[in-house]
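*Asks:* Below you will find the structure I want to go over with you.
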Amino acid sequence: MKFKRDHPVIVGVVSTLLAAAALLGVLLWQAGPGSSPHGAPAAHRSHSTITPAAHRAVVTSAEPFLQRIAYPAAHADPTQNYADLYLPTVSPAHPRLPLVVLVHGGAWARGVGAHSFDRLARDLTARGLAVYNVEYRRLGSGGGWPATFTDVAAALDDLPAVIRAHPQITLRNSVLAGHSAGAQLAVWSALRTADDPGLGLGPPRWRPSTVISVSGPLDMVFSATHGDSRVIRALGGPPSAVADRYRAVDPLELATDGDEASAPEIVAVHGTADRLVSAVNSERFVAEYLLHRGHGRLQLLPGATHTSMFEAHSAAYCSLIDLIAAEALRP
């Protein structure tokens, strides 16, 4: 069994430098001119530790329009194979609505569903964005290998049809964001190729401009061989037993493939205090992606845990909203 770890020494050095640069960037920003005694700049203390407040879009308070869309999937379960489309009901600042696609986490298991991203979807819609929040079958509810993965791919492949039905949405600067297992699914979906073994998928019908991974297990071989039983359950075995599955969906395995010119920007956001999914995942992935694609960056949040960025009204949550909106609303 051999996985693509082409430059282990180089990747190790690059990942170390990336981690140091990511932490230094946060610390320098926090300690910059006008900083408060608590370390955060006075003008931004309650806002972003990722994206400066100047990049935030205008916030509206109107209730969004919501439509549930059943996407086509093999042996579809209508209670799970759907995506909720959120649209602003007020006139946006831009003539067309940029698109954000969300893929929730939850260890690829049934305990967490798309509803966990309802607040995030509404808060992003309030920024003048169209949001497509994907649900999919999970372990314990008809998912697992390969249905969980093919469901997410099918939901994203349905986006061209969704856009045709809603021409006010634009795919320019479209963003795909996921948390934890959803981050793995998002990055894999953005990088997958037509010849992924065992999945039987054609070429992707939609590719995002930017992928934002939050606390993602982006090096699934590393996770599975360092005590993460959730990855092993999702893929039905360890790398030594089902190597082809890891090659098919492990984001790090796909980081070296494809055309650099068409590669999406990938932003890996990870808390340094994450005890469920080690930040080493994001460090190793971005190092490999930069070596082969050149369109990635790492954002480490000192002291943040696996779920810190989703705590209501927290600075980390506000910063995540800022980051997603800034990418989608780029000129």
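We name chains A, B, ... following the order of the structure tokens; residues begin at 1 in each chain, and ligands are numbered from 1 as shown.
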Counting only C-alpha atoms, which residues of region 66-127 of chain A sit at most 9 Å from some atom of region 147-153 of chain A, and what is each one's closest atom pair with its distance in Å to one decimal, listed by chain and rising residue number, as a tab-separated table?

*Replies:*
residue	atom	partner	partner_atom	distance
A:Tyr71	CA	A:Asp151	CA	8.8
A:Pro72	CA	A:Asp151	CA	8.6
A:Ala73	CA	A:Asp151	CA	6.1
A:Ala74	CA	A:Asp151	CA	8.1
A:Ala76	CA	A:Asp151	CA	8.7
A:Asn81	CA	A:Asp151	CA	7.1
A:Val103	CA	A:Val152	CA	8.1
A:Trp108	CA	A:Thr148	CA	7.4

*Asks:* Using only C-alpha atoms, which residues sit within 6 Å of Arg110 (chain A) once same-chain residues fewer than 2 positions away are excluded, as a count of residues only?

*Replies:* 5

*Asks:* Could you work out how far CA of Val175 (chain A) lies from CA of Asp228 (chain A), giving the answer in Å with one decimal?

*Replies:*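 Those two atoms sit 28.0 Å apart.
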
*Asks:* Just list as an MDAnalysis selection string whatever in region 98-209 of chain A DSSP marks as helix (DSSP H, G or I).

*Replies:* chainID A and resid 114:125 147:157 159:165 181:191

*Asks:* Using only C-alpha atoms, which residues sit within 12 Å of Val231 (chain A) once same-chain residues fewer than 2 positions away are excluded, as an mmCIF file with C-alpha atoms, in the first residue's frame?

*Replies:*
data_model
loop_
_atom_site.group_PDB
_atom_site.id
_atom_site.type_symbol
_atom_site.label_atom_id
_atom_site.label_comp_id
_atom_site.auth_asym_id
_atom_site.auth_seq_id
_atom_site.Cartn_x
_atom_site.Cartn_y
_atom_site.Cartn_z
ATOM 1 C CA GLY A 106 -20.947 15.364 12.532
ATOM 2 C CA ALA A 107 -18.462 12.506 11.957
ATOM 3 C CA TRP A 108 -20.361 11.401 8.817
ATOM 4 C CA ALA A 109 -23.010 10.025 11.251
ATOM 5 C CA LEU A 139 -23.848 6.403 8.976
ATOM 6 C CA GLY A 144 -21.592 5.361 4.901
ATOM 7 C CA TRP A 145 -19.394 4.184 2.061
ATOM 8 C CA SER A 180 -15.281 18.735 10.333
ATOM 9 C CA ALA A 181 -16.521 15.767 8.261
ATOM 10 C CA GLN A 184 -13.543 16.712 4.174
ATOM 11 C CA LEU A 185 -16.607 16.240 1.979
ATOM 12 C CA GLY A 216 -11.394 19.349 8.665
ATOM 13 C CA PRO A 217 -9.728 15.892 8.649
ATOM 14 C CA LEU A 218 -7.963 16.741 5.404
ATOM 15 C CA ASP A 219 -5.341 14.019 5.800
ATOM 16 C CA MET A 220 -7.557 11.016 6.394
ATOM 17 C CA VAL A 221 -4.701 8.515 6.402
ATOM 18 C CA PHE A 222 -2.971 10.488 9.143
ATOM 19 C CA SER A 223 -6.206 10.714 11.152
ATOM 20 C CA ALA A 224 -7.051 7.035 10.769
ATOM 21 C CA THR A 225 -3.560 5.960 11.813
ATOM 22 C CA HIS A 226 -3.455 8.359 14.772
ATOM 23 C CA GLY A 227 -6.509 7.220 16.685
ATOM 24 C CA ASP A 228 -9.465 8.712 14.779
ATOM 25 C CA SER A 229 -11.950 5.846 14.694
ATOM 26 C CA ARG A 233 -16.029 3.920 10.437
ATOM 27 C CA ALA A 234 -16.848 6.303 7.586
ATOM 28 C CA LEU A 235 -14.635 4.479 5.092
ATOM 29 C CA GLY A 236 -15.365 1.015 6.396
ATOM 30 C CA GLY A 237 -11.856 0.141 7.534
ATOM 31 C CA PRO A 238 -8.301 1.401 8.107
ATOM 32 C CA PRO A 239 -6.010 2.437 5.238
ATOM 33 C CA VAL A 242 -9.429 -0.270 2.140
ATOM 34 C CA ARG A 245 -11.242 4.262 -0.623
ATOM 35 C CA TYR A 246 -8.728 6.533 1.042
ATOM 36 C CA VAL A 249 -11.710 10.650 -1.064
ATOM 37 C CA ASP A 250 -8.741 11.680 1.096
ATOM 38 C CA LEU A 276 -11.172 15.892 18.004
ATOM 39 C CA VAL A 277 -9.430 16.636 14.706
#

*Asks:* Pick the closest to Ile266 (chain A) from A:His292, A:Arg68, A:His75, A:Arg297: which is it, counting only C-alpha atoms?

*Replies:*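 Using only C-alpha atoms, Ile266 (chain A) sits closest to A:Arg297.
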